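Raw contents of input_35.txt, compact mmCIF, C-alpha atoms:
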# COMPACT_ATOMS: atom_id res chain seq x y z
CA MET A 268 153.55 70.01 204.31
CA ARG A 269 156.98 70.72 205.80
CA VAL A 270 157.10 70.89 209.59
CA GLY A 271 160.07 72.17 211.55
CA LEU A 272 160.14 70.80 215.10
CA LEU A 273 162.32 72.49 217.72
CA LEU A 274 164.46 69.90 219.52
CA GLU A 275 166.51 72.26 221.68
CA GLN A 276 165.07 70.84 224.92
CA VAL A 277 166.54 67.45 224.06
CA LEU A 278 170.04 68.93 224.39
CA SER A 279 169.31 70.61 227.72
CA PRO A 280 171.38 69.41 230.71
CA VAL A 281 168.09 68.21 232.25
CA PRO A 282 165.78 67.31 229.33
CA GLY A 283 163.03 66.06 231.66
CA GLY A 284 159.58 65.11 230.45
CA THR A 285 159.49 67.90 227.87
CA GLY A 286 162.63 66.51 226.25
CA ARG A 287 161.03 63.08 225.98
CA TYR A 288 157.89 64.72 224.61
CA ALA A 289 159.89 66.47 221.87
CA VAL A 290 161.60 63.25 220.77
CA GLU A 291 158.44 61.16 220.83
CA VAL A 292 156.35 63.75 218.97
CA ALA A 293 159.04 64.21 216.33
CA GLY A 294 159.34 60.48 215.70
CA ALA A 295 155.59 59.91 215.63
CA LEU A 296 155.05 62.83 213.25
CA ALA A 297 157.65 61.42 210.87
CA ALA A 298 156.03 57.97 211.03
CA THR A 299 152.46 59.17 210.42
CA GLY A 300 152.79 62.12 208.04
CA GLY A 301 152.36 60.19 204.82
CA PRO A 302 153.30 61.22 201.27
CA GLY A 303 154.18 64.87 200.73
CA THR A 304 155.16 65.53 204.35
CA GLU A 305 158.54 66.26 205.84
CA VAL A 306 159.62 66.70 209.45
CA THR A 307 162.93 68.35 210.28
CA GLY A 308 164.50 68.98 213.67
CA TRP A 309 166.06 72.30 214.71
CA THR A 310 168.27 73.31 217.61
CA ALA A 311 170.37 76.23 218.76
CA TRP A 312 174.02 76.23 217.71
CA HIS A 313 175.81 73.37 219.46
CA ARG A 314 179.07 71.75 218.48
CA ARG A 315 177.43 68.36 218.87
CA VAL A 316 173.80 67.69 218.07
CA ALA A 317 173.84 63.88 217.92
CA GLY A 318 171.65 63.76 221.02
CA ALA A 319 168.84 65.38 219.03
CA VAL A 320 168.89 62.86 216.18
CA VAL A 321 165.46 61.22 215.80
CA PRO A 322 164.91 58.36 213.32
CA GLY A 323 162.88 59.51 210.33
CA VAL A 324 163.34 63.19 211.18
CA GLY A 325 165.62 65.38 209.05
CA GLY A 326 168.56 67.12 210.66
CA PRO A 327 168.85 68.25 213.31
CA HIS A 328 169.67 71.59 211.70
CA ARG A 329 171.42 74.24 213.76
CA LEU A 330 170.23 77.82 214.00
CA PRO A 331 172.99 80.47 213.94
CA LEU A 332 172.84 81.33 217.67
CA PRO A 333 173.86 79.36 220.80
CA ARG A 334 171.14 78.64 223.32
CA ARG A 335 171.37 81.71 225.53
CA PRO A 336 171.46 84.29 222.70
CA LEU A 337 168.68 82.33 220.96
CA VAL A 338 166.49 82.52 224.06
CA ALA A 339 167.14 86.27 224.27
CA ALA A 340 166.31 86.72 220.58
CA TRP A 341 163.07 84.77 220.77
CA GLU A 342 161.97 86.71 223.82
CA ARG A 343 161.71 89.69 221.46
CA GLY A 344 160.92 88.40 217.99
CA PRO A 345 160.82 85.56 215.46
CA LEU A 346 164.42 85.53 214.22
CA PRO A 347 166.39 83.43 213.63
CA ALA A 348 163.80 80.88 212.52
CA PRO A 349 163.85 77.47 210.82
CA ARG A 350 164.07 77.75 207.05
CA GLY A 351 162.32 75.83 204.30
CA VAL A 352 159.32 74.82 206.42
CA ASP A 353 155.62 75.65 206.23
CA LEU A 354 155.00 75.51 209.99
CA VAL A 355 157.08 75.44 213.16
CA HIS A 356 156.11 73.40 216.21
CA ALA A 357 157.76 74.41 219.47
CA PRO A 358 157.33 71.65 222.09
CA THR A 359 158.08 74.17 224.87
CA PRO A 360 157.32 77.91 225.19
CA LEU A 361 160.73 78.71 223.64
CA ALA A 362 159.47 79.66 220.18
CA PRO A 363 160.11 82.09 217.28
CA LEU A 364 156.84 84.00 217.62
CA GLY A 365 155.72 87.02 215.65
CA GLY A 366 156.71 86.09 212.10
CA ARG A 367 154.63 85.24 209.06
CA ARG A 368 155.02 81.48 209.37
CA PRO A 369 152.50 79.67 211.62
CA VAL A 370 153.95 78.55 214.94
CA VAL A 371 152.31 75.93 217.17
CA VAL A 372 153.42 75.99 220.81
CA THR A 373 152.96 73.18 223.33
CA VAL A 374 152.36 74.42 226.88
CA HIS A 375 152.76 71.52 229.28
CA ASP A 376 151.26 73.04 232.42
CA ALA A 377 149.92 76.17 234.10
CA VAL A 378 152.28 75.92 237.07
CA PRO A 379 153.69 79.46 236.64
CA TRP A 380 150.22 80.69 237.66
CA THR A 381 148.81 77.92 239.85
CA HIS A 382 151.95 76.98 241.83
CA PRO A 383 154.58 79.68 241.29
CA GLU A 384 156.28 78.76 244.56
CA THR A 385 157.43 75.49 242.97
CA LEU A 386 159.54 77.34 240.37
CA THR A 387 162.35 79.84 240.58
CA PRO A 388 161.19 83.48 240.45
CA ARG A 389 163.09 83.87 237.18
CA GLY A 390 161.43 80.76 235.79
CA VAL A 391 157.99 82.07 236.72
CA ARG A 392 158.63 85.40 234.99
CA TRP A 393 160.06 83.79 231.87
CA HIS A 394 157.31 81.20 231.45
CA ARG A 395 154.52 83.70 232.06
CA ARG A 396 156.01 86.05 229.50
CA MET A 397 156.62 83.41 226.82
CA ILE A 398 153.33 81.59 227.33
CA GLY A 399 151.58 84.95 227.24
CA ARG A 400 153.28 85.70 223.91
CA ALA A 401 152.13 82.32 222.60
CA ALA A 402 148.55 83.06 223.68
CA SER A 403 148.69 86.30 221.70
CA SER A 404 150.61 85.38 218.56
CA ALA A 405 150.89 81.61 218.07
CA ALA A 406 148.79 79.94 215.40
CA ALA A 407 147.65 77.45 218.06
CA VAL A 408 148.53 76.40 221.60
CA VAL A 409 148.59 72.67 222.34
CA VAL A 410 148.11 71.38 225.88
CA PRO A 411 148.21 67.78 227.16
CA THR A 412 145.07 67.75 229.33
CA GLU A 413 141.76 69.50 229.85
CA ALA A 414 143.06 70.44 233.30
CA VAL A 415 145.77 72.62 231.74
CA ALA A 416 143.31 74.05 229.23
CA ARG A 417 140.99 75.17 232.03
CA GLU A 418 143.77 76.89 233.93
CA LEU A 419 145.18 78.68 230.89
CA ARG A 420 141.73 80.00 230.02
CA ARG A 421 141.46 81.34 233.59
CA HIS A 422 144.77 83.15 233.49
CA LEU A 423 145.22 84.23 229.87
CA THR A 424 143.34 85.85 227.02
CA LEU A 425 143.86 83.40 224.16
CA ARG A 426 143.79 84.80 220.64
CA CYS A 427 144.36 81.41 219.01
CA PRO A 428 142.89 77.90 219.19
CA LEU A 429 143.64 75.92 222.36
CA VAL A 430 143.89 72.24 221.44
CA VAL A 431 144.15 69.29 223.85
CA VAL A 432 146.45 66.55 222.53
CA GLY A 433 147.39 63.75 224.90
CA GLU A 434 150.68 61.92 225.11
CA GLY A 435 151.79 58.30 224.85
CA VAL A 436 154.25 55.69 226.04
CA SER A 437 157.61 55.28 224.35
CA GLY A 438 158.19 52.03 222.51
CA ARG A 439 161.59 52.04 224.17
CA LEU A 440 159.89 51.21 227.48
CA THR A 441 158.96 47.69 226.39
CA LEU A 442 159.96 45.21 229.10
CA PRO A 443 163.39 43.83 228.08
CA SER A 444 164.01 40.10 227.95
CA ASP A 445 166.72 40.48 230.60
CA ALA A 446 164.52 42.49 232.99
CA LEU A 447 165.16 40.13 235.93
CA ALA A 448 168.90 40.35 235.40
CA ARG A 449 168.75 44.14 235.27
CA GLN A 450 166.74 44.23 238.49
CA ALA A 451 169.17 41.85 240.18
CA ALA A 452 172.14 43.93 239.03
CA LEU A 453 170.56 46.85 240.86
CA GLY A 454 170.05 44.72 243.97
CA LEU A 455 166.27 44.66 243.59
CA THR A 456 163.71 41.87 243.94
CA PRO A 457 160.62 41.87 241.68
CA GLY A 458 157.63 43.05 243.66
CA GLY A 459 159.87 44.15 246.50
CA TYR A 460 160.22 47.92 246.05
CA LEU A 461 158.37 51.15 245.38
CA LEU A 462 159.36 53.33 242.42
CA THR A 463 159.08 57.02 241.66
CA THR A 464 160.35 58.71 238.50
CA ALA A 465 160.72 62.48 238.19
CA THR A 466 163.20 65.32 237.96
CA LEU A 467 164.31 66.06 241.51
CA GLU A 468 162.56 69.38 242.16
CA PRO A 469 160.29 70.58 244.98
CA ARG A 470 157.19 70.38 242.77
CA LYS A 471 157.50 66.62 242.43
CA GLY A 472 156.68 65.94 246.11
CA LEU A 473 159.54 63.61 246.95
CA ASP A 474 159.60 65.09 250.45
CA VAL A 475 155.99 63.99 250.90
CA LEU A 476 156.75 60.47 249.72
CA VAL A 477 159.82 60.04 251.91
CA GLY A 478 157.87 61.36 254.88
CA ALA A 479 155.04 58.94 254.12
CA LEU A 480 157.42 55.98 254.27
CA ALA A 481 158.04 56.79 257.92
CA GLY A 482 154.33 56.94 258.67
CA ALA A 483 152.07 54.40 260.33
CA GLY A 484 150.76 51.86 257.85
CA ALA A 485 153.42 52.44 255.20
CA PRO A 486 154.88 49.24 253.72
CA ASP A 487 158.38 48.26 254.78
CA LEU A 488 159.72 48.42 251.22
CA PRO A 489 162.67 50.30 249.76
CA LEU A 490 162.00 53.27 247.53
CA VAL A 491 163.86 53.60 244.23
CA VAL A 492 164.11 57.15 242.88
CA VAL A 493 164.83 57.64 239.16
CA GLY A 494 165.48 61.13 237.84
CA GLN A 495 168.07 63.84 237.41
CA PRO A 496 168.55 66.65 239.91
CA GLY A 497 166.76 69.81 238.85
CA TRP A 498 166.56 73.09 240.72
CA GLY A 499 165.72 73.58 244.38
CA ASP A 500 168.49 71.53 246.00
CA VAL A 501 166.36 68.48 246.76
CA ASP A 502 168.70 66.64 249.13
CA VAL A 503 167.45 63.07 249.27
CA PRO A 504 169.78 61.87 252.07
CA ALA A 505 168.69 64.86 254.16
CA LEU A 506 165.01 64.03 253.54
CA VAL A 507 165.66 60.42 254.56
CA ALA A 508 167.48 61.46 257.73
CA ALA A 509 164.79 63.99 258.65
CA ALA A 510 162.13 61.29 258.31
CA GLY A 511 164.10 58.96 260.58
CA LEU A 512 164.51 56.30 257.91
CA PRO A 513 167.60 54.10 257.63
CA ALA A 514 170.04 55.29 254.99
CA GLY A 515 169.47 52.34 252.66
CA ARG A 516 165.69 52.67 252.59
CA VAL A 517 165.74 55.14 249.68
CA ARG A 518 167.99 54.59 246.65
CA THR A 519 168.60 57.29 244.05
CA LEU A 520 169.68 56.08 240.62
CA GLY A 521 169.70 59.36 238.70
CA ARG A 522 168.84 59.19 235.03
CA VAL A 523 168.81 55.61 233.72
CA PRO A 524 168.64 54.12 230.20
CA ASP A 525 165.15 53.36 228.92
CA GLU A 526 165.82 49.60 229.11
CA ASP A 527 166.63 49.88 232.82
CA LEU A 528 163.59 52.09 233.41
CA ALA A 529 161.37 49.52 231.71
CA ALA A 530 162.87 46.79 233.91
CA LEU A 531 162.36 48.91 237.03
CA LEU A 532 158.73 49.55 236.12
CA GLY A 533 158.19 45.86 235.45
CA GLY A 534 159.32 44.83 238.93
CA ALA A 535 157.84 47.57 241.11
CA THR A 536 155.16 46.91 243.70
CA ALA A 537 153.76 50.34 242.86
CA LEU A 538 154.73 53.49 241.02
CA VAL A 539 154.22 56.58 243.18
CA VAL A 540 153.59 60.06 241.70
CA PRO A 541 153.11 62.45 244.65
CA SER A 542 153.47 65.70 242.63
CA ARG A 543 152.11 69.00 243.86
CA ALA A 544 151.32 70.10 240.30
CA GLU A 545 151.54 68.53 236.84
CA GLY A 546 150.32 69.19 233.33
CA PHE A 547 150.06 65.55 232.28
CA GLY A 548 152.15 63.24 234.44
CA LEU A 549 153.75 60.95 231.89
CA PRO A 550 154.99 58.51 234.58
CA VAL A 551 151.36 57.74 235.45
CA LEU A 552 150.70 56.63 231.88
CA GLU A 553 153.99 54.73 231.68
CA GLY A 554 153.22 52.90 234.91
CA MET A 555 149.72 51.91 233.85
CA ALA A 556 150.96 50.70 230.46
CA ALA A 557 153.68 48.63 232.16
CA GLY A 558 151.12 46.87 234.35
CA VAL A 559 152.17 48.54 237.59
CA PRO A 560 149.72 49.76 240.25
CA VAL A 561 149.93 53.55 240.36
CA VAL A 562 149.41 55.82 243.39
CA THR A 563 149.17 59.57 242.75
CA SER A 564 148.28 62.85 244.38
CA ASP A 565 144.93 64.38 243.50
CA ASP A 566 146.47 67.01 241.23
CA PRO A 567 143.78 67.52 238.52
CA ALA A 568 145.97 66.48 235.58
CA LEU A 569 147.10 63.29 237.31
CA VAL A 570 143.52 62.40 238.16
CA GLU A 571 142.47 63.09 234.56
CA VAL A 572 145.17 60.89 233.07
CA GLY A 573 144.55 58.15 235.63
CA GLY A 574 140.89 58.07 234.65
CA GLY A 575 139.77 56.21 237.77
CA SER A 576 142.47 53.55 237.37
CA THR A 577 144.86 54.76 240.08
CA VAL A 578 144.80 55.20 243.85
CA VAL A 579 144.54 58.92 244.63
CA THR A 580 145.50 60.78 247.82
CA PRO A 581 145.38 64.51 248.64
CA VAL A 582 148.34 66.62 247.55
CA GLY A 583 150.89 66.88 250.36
CA ASP A 584 149.09 64.47 252.71
CA ARG A 585 151.78 62.13 254.03
CA VAL A 586 149.40 60.24 256.32
CA ALA A 587 146.98 59.45 253.50
CA LEU A 588 149.83 58.47 251.19
CA ALA A 589 151.31 56.11 253.78
CA ALA A 590 147.93 54.44 254.23
CA ALA A 591 147.39 54.14 250.47
CA LEU A 592 150.79 52.57 249.92
CA GLY A 593 150.10 50.13 252.73
CA ARG A 594 146.79 49.11 251.15
CA VAL A 595 148.29 48.60 247.72
CA ALA A 596 151.31 46.66 248.96
CA GLY A 597 149.20 44.47 251.25
CA ASP A 598 146.25 43.66 248.97
CA GLU A 599 147.05 41.42 246.01
CA GLN A 600 143.51 41.65 244.65
CA LEU A 601 143.66 45.44 244.70
CA ARG A 602 146.94 45.35 242.80
CA ARG A 603 145.48 43.03 240.18
CA ASP A 604 142.48 45.29 239.78
CA LEU A 605 144.67 48.37 239.41
CA VAL A 606 146.83 46.62 236.83
CA ARG A 607 143.80 45.55 234.80
CA ARG A 608 142.15 48.97 234.88
CA GLY A 609 145.44 50.75 234.31
CA ARG A 610 146.27 48.82 231.16
CA THR A 611 142.81 49.50 229.80
CA ARG A 612 143.15 53.20 230.53
CA ALA A 613 146.67 53.41 229.05
CA ALA A 614 145.35 51.98 225.78
CA ASP A 615 143.45 55.25 225.28
CA PHE A 616 146.75 57.08 224.73
CA SER A 617 149.46 56.75 222.09
CA TRP A 618 152.07 58.89 220.39
CA THR A 619 150.62 57.76 217.05
CA GLY A 620 147.24 59.14 218.07
CA ALA A 621 148.86 62.36 219.25
CA ALA A 622 150.74 62.78 215.98
CA THR A 623 147.61 62.09 213.94
CA ARG A 624 145.76 64.87 215.76
CA LEU A 625 148.72 67.22 215.30
CA TRP A 626 148.80 66.61 211.55
CA GLU A 627 145.09 67.45 211.45
CA LEU A 628 145.85 70.70 213.27
CA TYR A 629 148.76 71.58 210.99
CA ARG A 630 146.60 71.10 207.91
CA GLU A 631 143.96 73.38 209.37
CA LEU A 632 146.59 76.06 209.86
CA VAL A 633 148.41 75.66 206.51
CA PRO A 634 145.99 75.53 203.57
CA THR A 635 146.74 73.09 200.76
CA GLY A 636 149.30 74.55 198.39
CA ALA A 637 150.64 77.07 200.90
CA GLY A 638 154.36 77.26 201.58
Encoded form (structure tokens):
Amino acid sequence: MRVGLLLEQVLSPVPGGTGRYAVEVAGALAATGGPGTEVTGWTAWHRRVAGAVVPGVGGPHRLPLPRRPLVAAWERGPLPAPRGVDLVHAPTPLAPLGGRRPVVVTVHDAVPWTHPETLTPRGVRWHRRMIGRAASSAAAVVVPTEAVARELRRHLTLRCPLVVVGEGVSGRLTLPSDALARQAALGLTPGGYLLTTATLEPRKGLDVLVGALAGAGAPDLPLVVVGQPGWGDVDVPALVAAAGLPAGRVRTLGRVPDEDLAALLGGATALVVPSRAEGFGLPVLEGMAAGVPVVTSDDPALVEVGGGSTVVTPVGDRVALAAALGRVAGDEQLRRDLVRRGRTRAADFSWTGAATRLWELYRELVPTGAG
């Protein structure tokens, strides 16, 4: 069984959660495939592809078109496509659909239908078109939660299997031995700050969180924001000023190395995920696995992943979020309980488990001896 995995998202200027998904799935597939399997990575034509190198995965091999022409080509047909593989897995809707070779497509959320206002109009059109093509001509569509599966069934006619495969926590997020030094270098005290991690886009609800910090009952703790700017011009200093908070109350660190992220998770009073819409919410899982109390919105996917082990507040409700953060910060027993339940819940997920299920799916789609 030879699987070609598309790693183009990894080389995107803002890889985001889907970029991490592609890397983690590729590595886990290579580690779990067993004898007679091969996993190779594929990208558009870039001068440098070192950023898409994954241990154990062949390549990355370059297709003969740069990213923009490749996107245009795959909007219409299956060429150019990875060669010498039995099956292609596209970890985003950008996929070579319509050819003879089976193609599995991961769809991370149903936001283009459920919350189109949180995307650009062009992004909504593109994702609806490409996800619609996957529903019609992919060999299978993979989604990360039952919440996404329900929404896709509502909005699309699926002519292929729809398979729920969860995600996991990167081994690179293990707490480093110098975690305290890393926190100190950032001017942070363990247990003395709130943390949120997400691409800076309107959908992620940072405006709600910053507004909540100014509300009655909110803890007097700094907020650390980790994540690259996305679309939508989320101006953090402007949000802070509009909320009437002092300038130093919210610190933006941009994208940080995994070791620093692990250290930040390890020292946070709580991880806050106030998103308006998600398909999985990987930070929720990462926070629970790191032993951090997690506070989320009641977006269905976040509630599903949290599994009763997080504090949940209504989407967009700054008053409720302020109160929830105050309770968590002020109640040591509650924090201990959330940590205990969160670690137990996080143990239900792993990239190894995800890869094992994907190999089962691939073998269902490619009969023995095919290729």
I'd like to know which of A:Gln600, A:Thr580, A:Thr466, A:Thr456 is closest to Gly534 of chain A, using all atoms listed in the file.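 Smallest distance to Gly534 of chain A is found for A:Thr456.
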Could you check which of A:Val507, A:Leu512, A:Ala568, A:Val579 is closest to Arg594 of chain A, using only C-alpha atoms?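 Comparing A:Val507, A:Leu512, A:Ala568, A:Val579 against Arg594 of chain A, the winner is A:Val579.
Atom CA of Ala587 of chain A lies 18.1 Å from atom CA of Leu605 of chain A.
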Determine, counting all atoms listed in the file, which protein, DNA and RNA residues have an atom within 10 Å of an atom of Gly300 of chain A; residues of the same chain fewer than 2 positions away are not included. Present the result as an MDAnalysis selection string. chainID A and resid 268:270 295:298 302:306 622:623 625:627
Which residue out of A:Thr373, A:Ser279, A:Thr536, A:Thr307 has the minimum interatomic distance to Gly593 of chain A when only C-alpha atoms are used? A:Thr536
Hey, could you make a per-residue contact list for segment 270-347 of chain A against segment 433-437 of chain A with 12 Å as the cut-off, showing the nearest pair of atoms and its distance in Å to one decimal, counting all atoms listed in the file, sorted by chain and number, as a Markdown table?
| residue | atom | partner | partner_atom | distance |
| --- | --- | --- | --- | --- |
| A:Gly284 | CA | A:Glu434 | CA | 10.9 |
| A:Thr285 | CA | A:Glu434 | CA | 11.0 |
| A:Arg287 | CA | A:Ser437 | CA | 8.7 |
| A:Tyr288 | CA | A:Glu434 | CA | 7.8 |
| A:Ala289 | CA | A:Glu434 | CA | 10.8 |
| A:Val290 | CA | A:Ser437 | CA | 9.6 |
| A:Glu291 | CA | A:Ser437 | CA | 6.9 |
| A:Val292 | CA | A:Glu434 | CA | 8.6 |
| A:Gly294 | CA | A:Ser437 | CA | 10.2 |
| A:Ala295 | CA | A:Ser437 | CA | 10.1 |
Using all atoms listed in the file, the best pick from A:Leu588, A:Met397, A:Val320, A:Ala596 as closest to Ala339 of chain A would be A:Met397
State, in Å with one decimal place, the distance from atom CA of Gln495 of chain A to atom CA of Gly521 of chain A. 4.9 Å
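Residues having any atom no farther than 6 Å from (151.0, 74.6, 219.4) (counting only C-alpha atoms) are Val371, Val372, Thr373, Ala407, Val408 and Val409 of chain A.
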In terms of the shortest atom-to-atom distance over all atoms listed in the file, which of A:Val503, A:Leu272, A:Val378, A:His422 is closest to Gly515 of chain A?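 Among A:Val503, A:Leu272, A:Val378, A:His422, it is A:Val503 that comes nearest to Gly515 of chain A.
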Selected residue of minimal separation from Leu467 of chain A among A:Ser564, A:Ser542, A:Thr359, A:Thr381, counting all atoms listed in the file: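 Residue with the minimum atom-to-atom distance to Leu467 of chain A: A:Ser542.
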List the spatial neighbours of Arg612 of chain A as a list of chain:residue names - criterion: any atom at most 8 Å away, all atoms listed in the file, same-chain residues fewer than 4 positions off excluded.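 Final neighbour list, sorted by chain and number: A:Met555, A:Gly573, A:Gly574, A:Ser576, A:Arg608, A:Phe616.
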Which neighbours of Arg516 of chain A fall inside 10 Å, counting only C-alpha atoms, when residues of the same chain fewer than 6 positions from it are skipped, and could you give them as a ChimeraX atom specification? /A:460,477,480,487-491,507
Quick check, in Å to one decimal: how far apart do atom CA of Pro486 of chain A and atom CA of Leu592 of chain A lie?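 Taking atom CA of Pro486 of chain A as the start and atom CA of Leu592 of chain A as the end point, the length is 6.5 Å.
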Please work out which residues fall within 12 Å of (164.4, 66.9, 251.9), coordinates as given in the file, with only C-alpha atoms counting, and return them as a list in words. Leu467, Glu468, Pro469, Lys471, Gly472, Leu473, Asp474, Val475, Leu476, Val477, Gly478, Gly499, Asp500, Val501, Asp502, Val503, Pro504, Ala505, Leu506, Val507, Ala508, Ala509, Ala510 and Gly511 of chain A
